[in-house]
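Asker: Sharing data-v7.cif here; it has mmCIF, C-alpha atoms.
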```
data_final
loop_
_atom_site.label_atom_id
_atom_site.label_comp_id
_atom_site.auth_asym_id
_atom_site.auth_seq_id
_atom_site.Cartn_x
_atom_site.Cartn_y
_atom_site.Cartn_z
CA ALA A 33 117.01 50.06 158.39
CA GLN A 34 119.25 51.08 155.55
CA SER A 35 118.27 52.69 152.27
CA VAL A 36 119.97 53.76 149.06
CA THR A 37 119.07 56.61 146.73
CA GLN A 38 120.49 56.93 143.26
CA LEU A 39 119.77 60.47 142.31
CA ASP A 40 119.68 60.06 138.53
CA SER A 41 117.65 57.42 136.73
CA GLN A 42 119.33 58.13 133.39
CA VAL A 43 122.63 59.77 132.50
CA PRO A 44 123.43 60.41 128.83
CA VAL A 45 127.00 61.38 128.01
CA PHE A 46 129.27 61.60 124.99
CA GLU A 47 132.20 59.28 124.52
CA GLU A 48 135.43 60.42 126.23
CA ALA A 49 133.53 62.80 128.52
CA PRO A 50 133.70 62.44 132.31
CA VAL A 51 130.75 61.02 134.22
CA GLU A 52 129.52 60.89 137.80
CA LEU A 53 126.72 58.61 138.99
CA ARG A 54 125.44 59.72 142.35
CA CYS A 55 124.56 57.48 145.29
CA ASN A 56 123.47 58.43 148.79
CA TYR A 57 122.69 56.02 151.59
CA SER A 58 121.21 56.08 155.04
CA SER A 59 122.08 53.70 157.81
CA SER A 60 122.28 53.77 161.57
CA VAL A 61 125.35 51.53 161.64
CA SER A 62 128.59 51.22 159.75
CA VAL A 63 128.20 50.08 156.17
CA TYR A 64 129.82 48.28 153.33
CA LEU A 65 129.19 49.87 149.94
CA PHE A 66 129.11 48.40 146.47
CA TRP A 67 128.63 49.37 142.85
CA TYR A 68 127.35 46.73 140.45
CA VAL A 69 127.03 46.98 136.65
CA GLN A 70 124.41 45.23 134.55
CA TYR A 71 124.58 44.88 130.77
CA PRO A 72 121.30 44.21 128.89
CA ASN A 73 119.70 40.85 129.70
CA GLN A 74 122.56 39.85 131.97
CA GLY A 75 123.11 39.47 135.67
CA LEU A 76 124.86 41.98 137.89
CA GLN A 77 128.65 42.10 138.08
CA LEU A 78 130.55 43.65 140.94
CA LEU A 79 132.33 46.81 139.77
CA LEU A 80 133.94 47.93 143.03
CA LYS A 81 133.41 47.89 146.77
CA TYR A 82 134.28 49.80 149.91
CA LEU A 83 134.79 47.71 153.02
CA SER A 84 137.33 49.66 155.06
CA GLY A 85 140.59 51.56 154.73
CA SER A 86 141.11 54.05 151.92
CA THR A 87 137.92 55.88 151.10
CA LEU A 88 138.80 55.93 147.40
CA VAL A 89 138.33 52.61 145.63
CA GLU A 90 139.02 51.81 142.01
CA SER A 91 137.94 49.23 139.47
CA ILE A 92 140.10 47.62 136.80
CA ASN A 93 138.31 49.46 133.98
CA GLY A 94 138.88 53.02 135.17
CA PHE A 95 135.90 53.64 137.45
CA GLU A 96 136.42 54.96 140.97
CA ALA A 97 134.16 55.74 143.90
CA GLU A 98 134.76 57.66 147.08
CA PHE A 99 133.17 56.88 150.40
CA ASN A 100 132.17 60.12 152.10
CA LYS A 101 130.88 59.36 155.56
CA SER A 102 129.90 62.92 156.46
CA GLN A 103 127.79 63.24 153.31
CA THR A 104 126.70 59.57 153.36
CA SER A 105 127.61 59.27 149.71
CA PHE A 106 129.39 56.81 147.46
CA HIS A 107 129.43 58.47 144.04
CA LEU A 108 130.84 56.61 141.05
CA ARG A 109 133.11 58.49 138.63
CA LYS A 110 135.04 57.89 135.45
CA PRO A 111 137.20 60.58 133.82
CA SER A 112 136.63 59.38 130.25
CA VAL A 113 133.84 56.97 129.27
CA HIS A 114 133.69 54.53 126.37
CA ILE A 115 130.76 53.24 124.34
CA SER A 116 131.23 49.91 126.11
CA ASP A 117 130.40 51.54 129.46
CA THR A 118 126.76 51.81 128.39
CA ALA A 119 124.90 49.80 131.04
CA GLU A 120 122.79 50.10 134.15
CA TYR A 121 124.64 50.78 137.39
CA PHE A 122 123.40 49.87 140.85
CA CYS A 123 124.63 51.19 144.16
CA ALA A 124 124.11 48.87 147.13
CA VAL A 125 124.71 48.93 150.88
CA SER A 126 124.89 46.28 153.57
CA ALA A 127 125.03 46.82 157.29
CA GLY A 128 128.54 46.09 158.50
CA VAL A 129 127.50 44.15 161.57
CA ALA A 130 128.79 40.60 161.73
CA GLY A 131 126.03 38.12 162.44
CA GLY A 132 123.31 40.75 162.34
CA THR A 133 119.91 39.96 160.92
CA SER A 134 120.59 42.25 158.01
CA TYR A 135 123.75 40.39 157.11
CA GLY A 136 123.97 39.56 153.43
CA LYS A 137 120.78 41.39 152.56
CA LEU A 138 122.08 44.06 150.27
CA THR A 139 119.80 47.03 149.79
CA PHE A 140 119.92 48.28 146.21
CA GLY A 141 119.26 51.67 144.71
CA GLN A 142 116.85 52.04 141.81
CA GLY A 143 119.63 51.98 139.24
CA THR A 144 121.12 54.54 136.87
CA ILE A 145 121.15 53.88 133.15
CA LEU A 146 124.35 55.25 131.66
CA THR A 147 124.17 55.78 127.91
CA VAL A 148 127.38 56.74 126.12
CA HIS A 149 126.88 58.36 122.73
CA PRO A 150 129.52 58.49 119.97
CA ASP B 254 134.96 27.85 136.36
CA GLY B 255 132.89 28.49 139.46
CA GLY B 256 129.68 30.36 139.10
CA ILE B 257 125.92 30.49 139.27
CA THR B 258 123.78 28.93 136.56
CA GLN B 259 120.19 29.96 136.03
CA SER B 260 117.83 28.20 133.66
CA PRO B 261 115.94 28.72 131.53
CA LYS B 262 117.13 32.11 130.32
CA TYR B 263 113.76 32.87 128.71
CA LEU B 264 110.43 31.35 129.71
CA PHE B 265 106.87 31.93 128.57
CA ARG B 266 103.93 30.91 130.67
CA LYS B 267 100.19 31.01 130.34
CA GLU B 268 98.17 32.61 133.09
CA GLY B 269 97.25 30.15 135.84
CA GLN B 270 100.32 27.96 135.41
CA ASN B 271 103.08 27.47 137.93
CA VAL B 272 106.66 27.66 136.72
CA THR B 273 109.95 26.77 138.38
CA LEU B 274 113.20 28.64 137.77
CA SER B 275 116.41 26.76 138.42
CA CYS B 276 119.47 28.15 140.20
CA GLU B 277 122.63 26.10 140.76
CA GLN B 278 125.95 27.27 142.19
CA ASN B 279 129.33 25.58 142.45
CA LEU B 280 130.98 28.30 144.53
CA ASN B 281 130.41 26.38 147.79
CA HIS B 282 128.50 29.37 149.09
CA ASP B 283 126.23 28.96 152.08
CA ALA B 284 123.68 31.66 151.29
CA MET B 285 121.47 31.99 148.22
CA TYR B 286 118.95 34.62 147.18
CA TRP B 287 116.22 35.35 144.65
CA TYR B 288 115.59 38.87 143.42
CA ARG B 289 112.99 40.25 141.07
CA GLN B 290 113.90 43.11 138.75
CA ASP B 291 111.38 45.41 137.07
CA PRO B 292 112.29 48.49 135.02
CA GLY B 293 112.92 51.51 137.22
CA GLN B 294 112.38 49.58 140.47
CA GLY B 295 115.82 48.19 141.15
CA LEU B 296 116.09 44.75 142.72
CA ARG B 297 113.57 43.44 145.22
CA LEU B 298 114.30 40.45 147.45
CA ILE B 299 111.88 37.54 147.13
CA TYR B 300 113.42 34.80 149.31
CA TYR B 301 116.80 33.97 150.77
CA SER B 302 118.41 30.98 152.41
CA GLN B 303 121.44 31.02 154.65
CA ILE B 304 121.69 27.26 155.21
CA VAL B 305 120.31 24.07 153.74
CA ASN B 306 116.70 23.26 154.66
CA ASP B 307 116.04 26.79 155.86
CA PHE B 308 114.84 29.91 154.07
CA GLN B 309 113.22 33.24 154.87
CA LYS B 310 110.80 35.52 153.09
CA GLY B 311 112.10 38.68 151.59
CA ASP B 312 110.19 41.84 150.80
CA ILE B 313 107.91 40.43 148.08
CA ALA B 314 107.43 36.72 148.83
CA GLU B 315 103.71 36.51 148.10
CA GLY B 316 102.99 34.23 145.16
CA TYR B 317 106.43 32.59 145.25
CA SER B 318 107.86 29.49 146.90
CA VAL B 319 111.37 28.06 147.28
CA SER B 320 113.19 25.00 148.58
CA ARG B 321 116.77 24.43 149.69
CA GLU B 322 117.34 20.68 149.83
CA LYS B 323 120.93 20.92 148.66
CA LYS B 324 123.61 23.52 149.26
CA GLU B 325 124.11 23.99 145.52
CA SER B 326 120.49 24.43 144.51
CA PHE B 327 117.80 27.01 145.27
CA PRO B 328 114.85 26.71 142.84
CA LEU B 329 112.11 29.34 142.75
CA THR B 330 108.51 28.52 141.88
CA VAL B 331 106.34 31.30 140.57
CA THR B 332 102.80 30.24 141.40
CA SER B 333 99.51 31.22 139.84
CA ALA B 334 98.90 33.35 142.93
CA GLN B 335 101.55 35.84 141.79
CA LYS B 336 99.45 38.55 140.20
CA ASN B 337 102.11 40.15 138.02
CA PRO B 338 104.82 37.56 137.37
CA THR B 339 106.32 39.01 134.18
CA ALA B 340 109.80 40.14 135.23
CA PHE B 341 113.51 39.42 135.17
CA TYR B 342 114.53 37.07 137.98
CA LEU B 343 118.04 37.02 139.40
CA CYS B 344 119.58 34.38 141.61
CA ALA B 345 122.58 35.25 143.76
CA SER B 346 124.82 33.68 146.37
CA SER B 347 127.22 34.79 149.06
CA PRO B 348 129.84 32.95 151.11
CA GLY B 349 127.73 33.04 154.26
CA THR B 350 129.44 33.05 157.61
CA SER B 351 132.86 32.90 156.01
CA GLY B 352 132.32 36.26 154.35
CA ILE B 353 130.49 38.96 156.21
CA THR B 354 130.51 41.82 153.75
CA GLY B 355 127.20 41.06 152.09
CA GLU B 356 128.79 40.95 148.63
CA LEU B 357 126.61 38.97 146.25
CA PHE B 358 127.52 36.93 143.19
CA PHE B 359 124.81 36.84 140.53
CA GLY B 360 123.63 34.45 137.85
CA GLU B 361 122.73 35.60 134.33
CA GLY B 362 119.03 35.87 135.07
CA SER B 363 115.80 34.33 133.81
CA ARG B 364 113.21 36.39 131.96
CA LEU B 365 109.66 35.21 132.57
CA THR B 366 106.84 36.42 130.37
CA VAL B 367 103.24 35.57 131.09
CA LEU B 368 101.05 35.48 128.01
#
```
When written as structure tokens, how does the structure in this file appear?

Answerer:
Amino acid sequence: AQSVTQLDSQVPVFEEAPVELRCNYSSSVSVYLFWYVQYPNQGLQLLLKYLSGSTLVESINGFEAEFNKSQTSFHLRKPSVHISDTAEYFCAVSAGVAGGTSYGKLTFGQGTILTVHP
Amino acid sequence: DGGITQSPKYLFRKEGQNVTLSCEQNLNHDAMYWYRQDPGQGLRLIYYSQIVNDFQKGDIAEGYSVSREKKESFPLTVTSAQKNPTAFYLCASSPGTSGITGELFFGEGSRLTVL
């Protein structure tokens, strides 16, 4: 079975400061990794994903995450945050086994609330 | 535009009443899911369906029921047996066998409050 741990439930930061949201996972098979963002009273939107290839993946709004297999981590970073980045962020993992019973059943972390202060 | 539509967005219910949350998708996705979200607990899977007329229980199915009579629709009924139904409910879909990554596409959510 797979599991996801987001190490920080809340991260306060000032505008234009860098931020890192930490995510560790455990799985006995290869994985696909995702970060989703949720704004208040809205659904989740995909921010970025790692499927294969380069271990560094980027989003269109300046976030990046690096897949580290040896440390089983997929931390999310942004060098300079904006007020509009205030949201809850979820790390998620799915087992990368085609046709497996766990297919499509993403396992989510508990979420990290990022609050950007002016 | 393709997407997932959940309704209603806000719903109030008296104790002892059943309520049905609607979820419709026009993405032509095979698989659909219902999650429950509570503060500090992340997302918990209630039910999922990978094909029409078939569905499986997730981690917290007790007190809930679903149907999948059409590919586009996956309604969730919160029954009076659900002891703590106040929560934010999220519907999601994925391409199914044509996409094996597990990536989910979410609706905007329905917030249920039991009075």

Asker: Restrict the distance test to all atoms listed in the file, flag each residue of chain B within 12 Å of chain A, and return the flagged residues as an NGL selection string.

Answerer: :B and (256-259 or 262-263 or 282-303 or 309-312 or 340-365)

Asker: So which residues touch Val51 (chain A) within 10 Å, counting all atoms listed in the file, skipping near sequence neighbours fewer than 3 positions away, as an MDAnalysis selection string?

Answerer: chainID A and resid 43:48 54 95 108:113 146 148

Asker: With the PyMOL selection byres ((chain A and resi 93) around 10) as the selection, what would be picked from this file? Answer as an MDAnalysis selection string, please.

Answerer: chainID A and resid 79 90:92 94:96 110 113 117

Asker: Please report the interatomic distance between CA of Val305 (chain B) and CA of Val331 (chain B) in Å with one decimal.

Answerer: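 These atoms are spaced 20.5 Å apart.
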
Asker: Using the chain letters and numbers from the file, which residues does the PyMOL selection byres ((chain B and resi 319-323) around 8) grab, as an mmCIF file with C-alpha atoms, in the frame of the given file?

Answerer:
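To be explicit, this is the file written out as part09.cif:
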```cif
data_model
loop_
_atom_site.group_PDB
_atom_site.id
_atom_site.type_symbol
_atom_site.label_atom_id
_atom_site.label_comp_id
_atom_site.auth_asym_id
_atom_site.auth_seq_id
_atom_site.Cartn_x
_atom_site.Cartn_y
_atom_site.Cartn_z
ATOM 1 C CA TYR B 300 113.420 34.800 149.310
ATOM 2 C CA SER B 302 118.410 30.980 152.410
ATOM 3 C CA ILE B 304 121.690 27.260 155.210
ATOM 4 C CA VAL B 305 120.310 24.070 153.740
ATOM 5 C CA ASN B 306 116.700 23.260 154.660
ATOM 6 C CA ASP B 307 116.040 26.790 155.860
ATOM 7 C CA PHE B 308 114.840 29.910 154.070
ATOM 8 C CA TYR B 317 106.430 32.590 145.250
ATOM 9 C CA SER B 318 107.860 29.490 146.900
ATOM 10 C CA LYS B 324 123.610 23.520 149.260
ATOM 11 C CA GLU B 325 124.110 23.990 145.520
ATOM 12 C CA SER B 326 120.490 24.430 144.510
ATOM 13 C CA PHE B 327 117.800 27.010 145.270
ATOM 14 C CA PRO B 328 114.850 26.710 142.840
ATOM 15 C CA LEU B 329 112.110 29.340 142.750
ATOM 16 C CA THR B 330 108.510 28.520 141.880
#
```

Asker: Evaluate the PyMOL selection byres ((chain A and resi 106) around 8) here and jot the selected residues down as a VMD selection string.

Answerer: chain A and resid 54 to 57 65 97 to 100 104 to 105 107 to 108

Asker: Select, from A:Gln34, A:Thr147, A:Gln103, A:Thr87, the residue with the minimum atom-to-atom distance to Ser58 (chain A), counting all atoms listed in the file.

Answerer: A:Gln34

Asker: Quick one: pull the distance between CA of Arg266 (chain B) and CA of Leu368 (chain B), Å, one decimal.

Answerer: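 Between CA of Arg266 (chain B) and CA of Leu368 (chain B) the gap works out to 6.0 Å.
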
Asker: So how many Å separate CA of Val89 (chain A) and CA of Ser62 (chain A), to one decimal?

Answerer: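 Going from CA of Val89 (chain A) over to CA of Ser62 (chain A), I get 17.2 Å.
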
Asker: Could you name the residues that touch region 332-338 of chain B at 7 Å or less, counting only C-alpha atoms, but leaving out those on the same chain fewer than 2 positions away, as a list in words?

Answerer: Gly269, Gln270, Asn271, Val272, Glu315, Gly316, Tyr317, Thr330, Ala340 and Val367 of chain B
